[in-house]
Amino acid sequence: MFPELLNQSAVILIFSVDAILLMALIALKVIHRRRMTSHEGRRKDYLGLLSRHISFENHTEPITEPIAEDPAFLDALIDMRNAITGDDTTLRRIVNHHGIIQRQMRYLDSSWLLGRRLRAAVALAELGDETSADMLIRHLDDREPEIRIQCARGLGRIRWTPAIDQIVSRFGREIPWVSTRFSDTLVGYGTRATWPLLAYIRINHRFETEGAVLALRTLAQIQDDEAVGPLLAILAETSDLEVQIATVYALGEVGSPQALTALDSLLDSGEWALRAKAAGALGGLGDAAAIPRLVISMRDENWWVRRSAAAAVAMLPGGTDALYRALDDDDPFAADAAAEALTDIGELVSARRRADEGSRTEPLLAHMRSEG
Amino acid sequence: MALEIMEWIGYATIGYFIAMQVYMLFLAVVSAAALRRNHHLRRFGRVGEMLSSRTTPPVSIVIAAYNEAAGIVDAVRSMSIVRYPRFEIVVANDGSQDDTLQVVVDAFGLEEVRIPYRPDLDCAPIKAIYRGRSGVDITVIDKENGGRADALNAGINAARYPYVFCTDADVVLDPDCLVNSMQRVVEDRARTVGVGGNVRPINGSRVQLGHLIEASVPKRVVPRMQILEYIRNFLASRPGWSWMNAVPIVSGAFGIWKKSVIVEVGGLTKGHLGEDMDLTMRVHRHLLDKGVPYRIVYEPAAVLWTEVPDTLRVLRRQRIRWHRGLMRAVRDFRGMTFNPRYRQMGMVIWPGFVLFEYLAPIVEFIGWFVVPAAWFLGALNTTALVWLLLIALGMGLLNSLLALLLDESFGYFNSVADTSRLIAVAVIENFGLRQMTVLWRIRALLGGKETKAWGNMERRGVANLARQE
């Protein structure tokens, strides 16, 4: 039925591939492992070599070209760069003398091997040299997402201020994984990134909601007081719920009392998500004046708002006492929210213990008894 | 005429087997391409940055525990030190008959608390909730017995974070499994609703204090065969499915889900023998019906170690249960088969699953009788038959070797002896072991009381999984 020759050819072909795979497996097992072990060994040797060069100014042990081109030497350089906390002049001299940065820039620019390009991008990010700044900016548009991330990291590492706008401007058009890592880089820039971020939000919050939200989240982590005024202005101006929520979150994280009134008024918003976020943000302000209003929010119709309000009360000075009192609230949902918040900070356990010792407040005792 | 029919059936059976191997090979090649890229990104990319980022989403690890007193404490300890910025552990004690609850309460200094419990998903009644103040953020839900799915539903209800990692109490987590899997969520938080991880058998490996010290291949053939199966399945199929955004099963031992999506589909199905596949397929169907862009992905670098059956008796029970689960899924999702509305899932992966997983034992079983009979009666040419069988065997071996090659990039098995054992089992599994699993799956098709129970696997506990030396 089937031509025998075809069958024979198929069997020969398949078993040949089997044999090739088998050999590849053995080769990987033996050669690759040996190579990796050898790589690790050389890396350790190079670390010793670099240590000696750094420790002794006139150390003459040569770093030859083959050594400088060895990937294990690059790894050792990165390790050493990350280990040094003080003066790194000697290391920089070695890097410059052997053209390490230039070599990696060449690989990043012209190699077609993904592994080599990634290694180059990581090396440039870790070694952080200003001569590579222009190339790193150029590769913020690289086709490979991980390379874009490493380039931003490199720019962040050398605190290359002109790159802030370049990174921020890509928020709206990047894939989420990359833009989130860009955000981490900008947090590393600290307050230097505040105004570029605010400018980006002001211009884009109507058109690039996702980018604006990420910029607001970045600002929340930078926690610069100077951002509060512009953030309040954005809050007053925007009608987009996502942007509102992110702005409220940022205000809570910055934690300036200036935001108290604005956040307080949002507890009456028609949107439960906004009410919940405003409650959480009030907790972040650290002002006990917010407690009475938050206790009212613990009776909200939405459970997430109740929970956020109770968690916020727990964060404020005197909040724990307020939560203990709320355990006896006429509204059972408010009492539940209080119990949950107390449990989250480990307080309900201690309250129970104190109850056993007879040292608790009367309302709390009554509540616990009613709960059995 | 009869001989002609037998000849056709004989060749069709062998043809089916070859087609199955070609399909598997296609998946393996796609998987290899996906893994190659993944390997580079793992090697040079810095997933560790997520650890210090405040934008990293928190995760609730939900564990279903039934009579797990032997290993629950070590399992929770092993989970509590995974590298991840923010997570909680929720243990759902499913009405255990042993001291599971008490040992957890004692070990972590938990106390019963009165906090609201929001039953978004149906489950058996809750008896009590326990929380503690120790460094481990752990919540224990003590509930009446309702089965694994029911316990997970209860745990998901109590989970405080937007992503839930559903797992078992008898597993050892790789310290980076959460960060590696959640990276796939952070990549595309809006669309990613599920992430599956790489489940690997722990039998024969060295475990200390709930940690894997050294992975190794056991000398016993039964677990060794399963190691090869898991490698084939998790490295030579799933990356391919993931690449096509058509993962039909996120393993029950390692599945991270967006909580809101699980609530939307009604949680895990109680009493289902393949509740992980059922949940995955229901999520696909629900989101494709809604027309919402989504993805369910598989992350091979997110590794979890679990104990697999050591004896044929336990393995038989497990395989019967799995096939019963598959049978129900095939029935429940028949509307998706070859239905273009469900895109690549409906047109490629699910039909492939039905053809080459569900129907495989039936076709192979028929082949056992028809092929020798046809050959005996002279309906099959001996030479052609031998060649075709060799093709089938060679392709099966090809799949196994390719899977082992892919596994090398993860470097779990260091010794040449381990790899040699796996290569040996790739050959010998074709002579007896495979046939045994076919018989068990046929047994599952026949039904009966025996095939409808979960059965107990004699668990030794995570702390006792260490290789006897």
# chains A, B, ... in the order shown; residues from 1 in each chain; ligands from 1
$ interface_residues --of "chain A" --to "chain B" --cutoff "7 Å" --atoms "only C-alpha atoms" --output "list in words"
Phe2, Glu4, Asn7, Gln8, Ala10, Val11, Ile14, Phe15, Asp18, Leu21, Leu22, Leu25, Lys29, Gly115, Leu118, Arg119, Val122, Glu146, Pro176, Trp177, Asp184, Asp336, Ala339, Glu340, Gly346 and Val349 of chain A
$ write_last_selection --atoms "N, CA and C atoms" --output "CSV table (one decimal), in the first residue's frame"
chain,number,residue,atom,x,y,z
A,2,PHE,N,1.9,1.3,0.9
A,2,PHE,CA,2.8,2.5,1.0
A,2,PHE,C,4.1,2.1,0.2
A,4,GLU,N,7.6,1.3,-0.3
A,4,GLU,CA,8.5,0.8,0.7
A,4,GLU,C,9.7,1.8,0.8
A,7,ASN,N,8.8,4.6,3.0
A,7,ASN,CA,8.9,4.2,4.4
A,7,ASN,C,10.3,4.1,4.9
A,8,GLN,N,11.2,3.5,4.1
A,8,GLN,CA,12.6,3.4,4.5
A,8,GLN,C,13.2,4.7,4.7
A,10,ALA,N,11.7,7.5,5.3
A,10,ALA,CA,11.2,8.2,6.5
A,10,ALA,C,11.8,7.7,7.8
A,11,VAL,N,12.0,6.4,7.9
A,11,VAL,CA,12.5,5.8,9.1
A,11,VAL,C,14.0,6.2,9.2
A,14,ILE,N,14.0,9.9,10.3
A,14,ILE,CA,13.5,10.1,11.7
A,14,ILE,C,14.6,9.6,12.7
A,15,PHE,N,15.1,8.4,12.4
A,15,PHE,CA,16.1,7.9,13.4
A,15,PHE,C,17.5,8.7,13.3
A,18,ASP,N,16.7,11.5,15.5
A,18,ASP,CA,16.8,11.0,16.8
A,18,ASP,C,18.3,11.0,17.3
A,21,LEU,N,19.7,14.5,17.9
A,21,LEU,CA,19.2,15.0,19.1
A,21,LEU,C,19.9,14.4,20.3
A,22,LEU,N,20.1,13.1,20.2
A,22,LEU,CA,20.7,12.3,21.3
A,22,LEU,C,22.2,12.9,21.5
A,25,LEU,N,22.1,16.3,23.0
A,25,LEU,CA,21.8,16.2,24.4
A,25,LEU,C,23.0,15.9,25.2
A,29,LYS,N,25.1,18.3,27.7
A,29,LYS,CA,25.3,17.8,29.1
A,29,LYS,C,26.8,17.9,29.5
A,115,GLY,N,20.9,37.3,22.2
A,115,GLY,CA,21.6,37.1,23.5
A,115,GLY,C,22.8,38.1,23.6
A,118,LEU,N,21.4,41.6,24.2
A,118,LEU,CA,20.8,41.7,25.6
A,118,LEU,C,22.0,41.9,26.6
A,119,ARG,N,23.0,41.1,26.4
A,119,ARG,CA,24.2,41.1,27.3
A,119,ARG,C,24.8,42.5,27.2
A,122,VAL,N,22.6,45.0,29.0
A,122,VAL,CA,22.7,44.9,30.5
A,122,VAL,C,24.0,45.5,31.0
A,146,GLU,N,13.1,44.1,26.2
A,146,GLU,CA,14.0,44.0,27.3
A,146,GLU,C,15.2,45.0,27.1
A,176,PRO,N,2.8,47.5,28.5
A,176,PRO,CA,2.8,47.7,30.0
A,176,PRO,C,4.0,47.3,30.7
A,177,TRP,N,4.6,46.2,30.3
A,177,TRP,CA,5.8,45.7,31.0
A,177,TRP,C,6.9,46.7,31.0
A,184,ASP,N,9.8,52.6,37.1
A,184,ASP,CA,10.8,52.3,38.2
A,184,ASP,C,12.0,53.2,38.0
A,336,ASP,N,-18.0,45.2,61.4
A,336,ASP,CA,-17.2,44.2,60.6
A,336,ASP,C,-16.0,44.8,60.0
A,339,ALA,N,-13.5,45.4,62.7
A,339,ALA,CA,-12.8,44.1,63.1
A,339,ALA,C,-11.8,43.6,62.1
A,340,GLU,N,-12.1,43.8,60.8
A,340,GLU,CA,-11.2,43.4,59.8
A,340,GLU,C,-9.9,44.2,59.8
A,346,GLY,N,-3.2,43.1,63.4
A,346,GLY,CA,-2.9,42.2,64.5
A,346,GLY,C,-3.5,42.6,65.8
A,349,VAL,N,-6.4,40.2,67.8
A,349,VAL,CA,-5.8,39.1,68.6
A,349,VAL,C,-5.5,39.6,70.0
$ residues_around --residues "Ala262 in chain A" --least-positions-apart "4" --cutoff "9 Å" --atoms "only C-alpha atoms" --output "MDAnalysis selection string"
chainID A and resid 232 235:236 258 266
$ atom_distance --atom1 "CA of Pro145 in chain A" --atom2 "CA of Gly128 in chain A"
19.4 Å
$ residues_around --residues "Ala289 in chain A" --least-positions-apart "3" --cutoff "12 Å" --atoms "only C-alpha atoms" --output "list in words"
Pro257, Leu260, Thr261, Asp264, Leu282, Gly283, Leu285, Gly286, Pro292, Arg293, Leu294, Val295, Val313, Leu316, Pro317, Gly318 and Gly319 of chain A
$ atom_distance --atom1 "CA of Asp330 in chain A" --atom2 "CA of Met298 in chain A"
11.5 Å
$ select_by_dssp --residues "range 27-97 of chain B" --states "helix (DSSP H, G or I)" --output "ChimeraX atom specification"
/B:27-44,49-52,72-80
$ write_last_selection --atoms "N, CA and C atoms" --output "mmCIF file, in the first residue's frame"
data_model
loop_
_atom_site.group_PDB
_atom_site.id
_atom_site.type_symbol
_atom_site.label_atom_id
_atom_site.label_comp_id
_atom_site.auth_asym_id
_atom_site.auth_seq_id
_atom_site.Cartn_x
_atom_site.Cartn_y
_atom_site.Cartn_z
ATOM 1 N N LEU B 27 3.933 21.008 18.070
ATOM 2 C CA LEU B 27 3.884 21.753 19.330
ATOM 3 C C LEU B 27 5.281 21.883 19.937
ATOM 4 N N ALA B 28 6.051 20.795 19.833
ATOM 5 C CA ALA B 28 7.392 20.802 20.428
ATOM 6 C C ALA B 28 8.287 21.824 19.734
ATOM 7 N N VAL B 29 8.153 21.917 18.407
ATOM 8 C CA VAL B 29 8.999 22.862 17.662
ATOM 9 C C VAL B 29 8.598 24.300 18.013
ATOM 10 N N VAL B 30 7.295 24.550 18.074
ATOM 11 C CA VAL B 30 6.824 25.893 18.458
ATOM 12 C C VAL B 30 7.302 26.200 19.884
ATOM 13 N N SER B 31 7.197 25.195 20.742
ATOM 14 C CA SER B 31 7.632 25.379 22.130
ATOM 15 C C SER B 31 9.120 25.691 22.196
ATOM 16 N N ALA B 32 9.889 24.980 21.361
ATOM 17 C CA ALA B 32 11.340 25.204 21.374
ATOM 18 C C ALA B 32 11.655 26.645 21.014
ATOM 19 N N ALA B 33 10.954 27.164 19.992
ATOM 20 C CA ALA B 33 11.192 28.556 19.582
ATOM 21 C C ALA B 33 10.824 29.511 20.724
ATOM 22 N N ALA B 34 9.699 29.235 21.366
ATOM 23 C CA ALA B 34 9.246 30.107 22.459
ATOM 24 C C ALA B 34 10.222 30.047 23.631
ATOM 25 N N LEU B 35 10.703 28.838 23.927
ATOM 26 C CA LEU B 35 11.611 28.678 25.069
ATOM 27 C C LEU B 35 12.980 29.317 24.818
ATOM 28 N N ARG B 36 13.408 29.286 23.561
ATOM 29 C CA ARG B 36 14.708 29.853 23.217
ATOM 30 C C ARG B 36 14.713 31.346 23.570
ATOM 31 N N ARG B 37 13.676 32.016 23.145
ATOM 32 C CA ARG B 37 13.558 33.450 23.416
ATOM 33 C C ARG B 37 13.447 33.683 24.928
ATOM 34 N N ASN B 38 12.623 32.860 25.560
ATOM 35 C CA ASN B 38 12.418 32.970 26.999
ATOM 36 C C ASN B 38 13.743 32.805 27.744
ATOM 37 N N HIS B 39 14.554 31.872 27.251
ATOM 38 C CA HIS B 39 15.838 31.576 27.891
ATOM 39 C C HIS B 39 16.748 32.809 27.895
ATOM 40 N N HIS B 40 16.809 33.493 26.748
ATOM 41 C CA HIS B 40 17.640 34.701 26.648
ATOM 42 C C HIS B 40 17.156 35.774 27.613
ATOM 43 N N LEU B 41 15.849 35.967 27.622
ATOM 44 C CA LEU B 41 15.302 37.031 28.460
ATOM 45 C C LEU B 41 15.541 36.736 29.932
ATOM 46 N N ARG B 42 15.451 35.443 30.276
ATOM 47 C CA ARG B 42 15.699 35.056 31.685
ATOM 48 C C ARG B 42 17.152 35.305 32.057
ATOM 49 N N ARG B 43 18.035 35.001 31.086
ATOM 50 C CA ARG B 43 19.461 35.071 31.393
ATOM 51 C C ARG B 43 19.937 36.512 31.569
ATOM 52 N N PHE B 44 19.449 37.383 30.682
ATOM 53 C CA PHE B 44 19.969 38.749 30.726
ATOM 54 C C PHE B 44 18.951 39.774 31.224
ATOM 55 N N GLU B 49 13.917 43.194 39.236
ATOM 56 C CA GLU B 49 13.483 44.578 39.467
ATOM 57 C C GLU B 49 12.066 44.647 39.998
ATOM 58 N N MET B 50 11.295 43.641 39.625
ATOM 59 C CA MET B 50 9.900 43.611 40.107
ATOM 60 C C MET B 50 9.845 43.527 41.629
ATOM 61 N N LEU B 51 10.896 42.941 42.192
ATOM 62 C CA LEU B 51 10.894 42.723 43.640
ATOM 63 C C LEU B 51 10.929 44.028 44.416
ATOM 64 N N SER B 52 11.577 45.031 43.826
ATOM 65 C CA SER B 52 11.671 46.299 44.552
ATOM 66 C C SER B 52 10.651 47.315 44.057
ATOM 67 N N ILE B 72 1.737 20.048 56.074
ATOM 68 C CA ILE B 72 1.186 21.390 55.851
ATOM 69 C C ILE B 72 2.089 22.502 56.399
ATOM 70 N N VAL B 73 2.687 22.258 57.569
ATOM 71 C CA VAL B 73 3.503 23.317 58.177
ATOM 72 C C VAL B 73 4.742 23.592 57.320
ATOM 73 N N ASP B 74 5.405 22.524 56.874
ATOM 74 C CA ASP B 74 6.588 22.716 56.024
ATOM 75 C C ASP B 74 6.208 23.352 54.700
ATOM 76 N N ALA B 75 5.042 22.944 54.192
ATOM 77 C CA ALA B 75 4.599 23.516 52.918
ATOM 78 C C ALA B 75 4.372 25.019 53.071
ATOM 79 N N VAL B 76 3.699 25.409 54.138
ATOM 80 C CA VAL B 76 3.432 26.839 54.351
ATOM 81 C C VAL B 76 4.746 27.589 54.570
ATOM 82 N N ARG B 77 5.653 26.968 55.321
ATOM 83 C CA ARG B 77 6.956 27.622 55.547
ATOM 84 C C ARG B 77 7.690 27.801 54.224
ATOM 85 N N SER B 78 7.654 26.758 53.398
ATOM 86 C CA SER B 78 8.360 26.873 52.113
ATOM 87 C C SER B 78 7.715 27.971 51.269
ATOM 88 N N MET B 79 6.387 28.103 51.389
ATOM 89 C CA MET B 79 5.706 29.144 50.606
ATOM 90 C C MET B 79 5.978 30.534 51.178
ATOM 91 N N SER B 80 6.166 30.595 52.497
ATOM 92 C CA SER B 80 6.290 31.912 53.121
ATOM 93 C C SER B 80 7.606 32.603 52.787
#
$ atom_distance --atom1 "CA of Arg200 in chain B" --atom2 "CA of Trp305 in chain B"
4.8 Å
$ decode --residues "range 105-146 of chain A" --atoms "C-alpha atoms" --output "PDB file, in the first residue's frame"
ATOM      1  CA  MET A 105      27.941  49.690  22.178  1.00  0.00           C
ATOM      2  CA  ARG A 106      29.071  48.050  18.966  1.00  0.00           C
ATOM      3  CA  TYR A 107      27.345  44.799  19.893  1.00  0.00           C
ATOM      4  CA  LEU A 108      24.162  46.578  20.876  1.00  0.00           C
ATOM      5  CA  ASP A 109      24.110  48.487  17.630  1.00  0.00           C
ATOM      6  CA  SER A 110      25.112  45.900  15.107  1.00  0.00           C
ATOM      7  CA  SER A 111      24.834  42.371  16.397  1.00  0.00           C
ATOM      8  CA  TRP A 112      21.918  40.306  15.181  1.00  0.00           C
ATOM      9  CA  LEU A 113      22.167  37.819  18.054  1.00  0.00           C
ATOM     10  CA  LEU A 114      19.531  38.558  20.671  1.00  0.00           C
ATOM     11  CA  GLY A 115      21.646  37.092  23.472  1.00  0.00           C
ATOM     12  CA  ARG A 116      24.644  39.259  22.611  1.00  0.00           C
ATOM     13  CA  ARG A 117      22.556  42.425  22.275  1.00  0.00           C
ATOM     14  CA  LEU A 118      20.843  41.747  25.596  1.00  0.00           C
ATOM     15  CA  ARG A 119      24.171  41.134  27.292  1.00  0.00           C
ATOM     16  CA  ALA A 120      25.490  44.387  25.830  1.00  0.00           C
ATOM     17  CA  ALA A 121      22.433  46.338  26.999  1.00  0.00           C
ATOM     18  CA  VAL A 122      22.709  44.878  30.501  1.00  0.00           C
ATOM     19  CA  ALA A 123      26.443  45.652  30.589  1.00  0.00           C
ATOM     20  CA  LEU A 124      25.895  49.256  29.506  1.00  0.00           C
ATOM     21  CA  ALA A 125      23.104  49.641  32.066  1.00  0.00           C
ATOM     22  CA  GLU A 126      25.227  48.204  34.846  1.00  0.00           C
ATOM     23  CA  LEU A 127      28.499  49.937  34.022  1.00  0.00           C
ATOM     24  CA  GLY A 128      26.738  53.283  33.611  1.00  0.00           C
ATOM     25  CA  ASP A 129      29.020  55.376  31.436  1.00  0.00           C
ATOM     26  CA  GLU A 130      28.061  58.796  30.098  1.00  0.00           C
ATOM     27  CA  THR A 131      29.633  58.120  26.704  1.00  0.00           C
ATOM     28  CA  SER A 132      26.902  55.618  26.028  1.00  0.00           C
ATOM     29  CA  ALA A 133      24.019  57.996  26.882  1.00  0.00           C
ATOM     30  CA  ASP A 134      23.159  58.979  23.297  1.00  0.00           C
ATOM     31  CA  MET A 135      23.126  55.386  22.179  1.00  0.00           C
ATOM     32  CA  LEU A 136      20.972  54.355  25.139  1.00  0.00           C
ATOM     33  CA  ILE A 137      18.476  57.080  24.279  1.00  0.00           C
ATOM     34  CA  ARG A 138      18.438  55.890  20.680  1.00  0.00           C
ATOM     35  CA  HIS A 139      17.748  52.323  21.798  1.00  0.00           C
ATOM     36  CA  LEU A 140      14.753  53.388  23.880  1.00  0.00           C
ATOM     37  CA  ASP A 141      13.013  52.633  20.581  1.00  0.00           C
ATOM     38  CA  ASP A 142      14.742  49.263  20.113  1.00  0.00           C
ATOM     39  CA  ARG A 143      12.588  46.481  18.686  1.00  0.00           C
ATOM     40  CA  GLU A 144      13.340  44.310  21.727  1.00  0.00           C
ATOM     41  CA  PRO A 145      11.385  45.320  24.872  1.00  0.00           C
ATOM     42  CA  GLU A 146      14.011  44.041  27.316  1.00  0.00           C
TER      43      GLU A 146
END
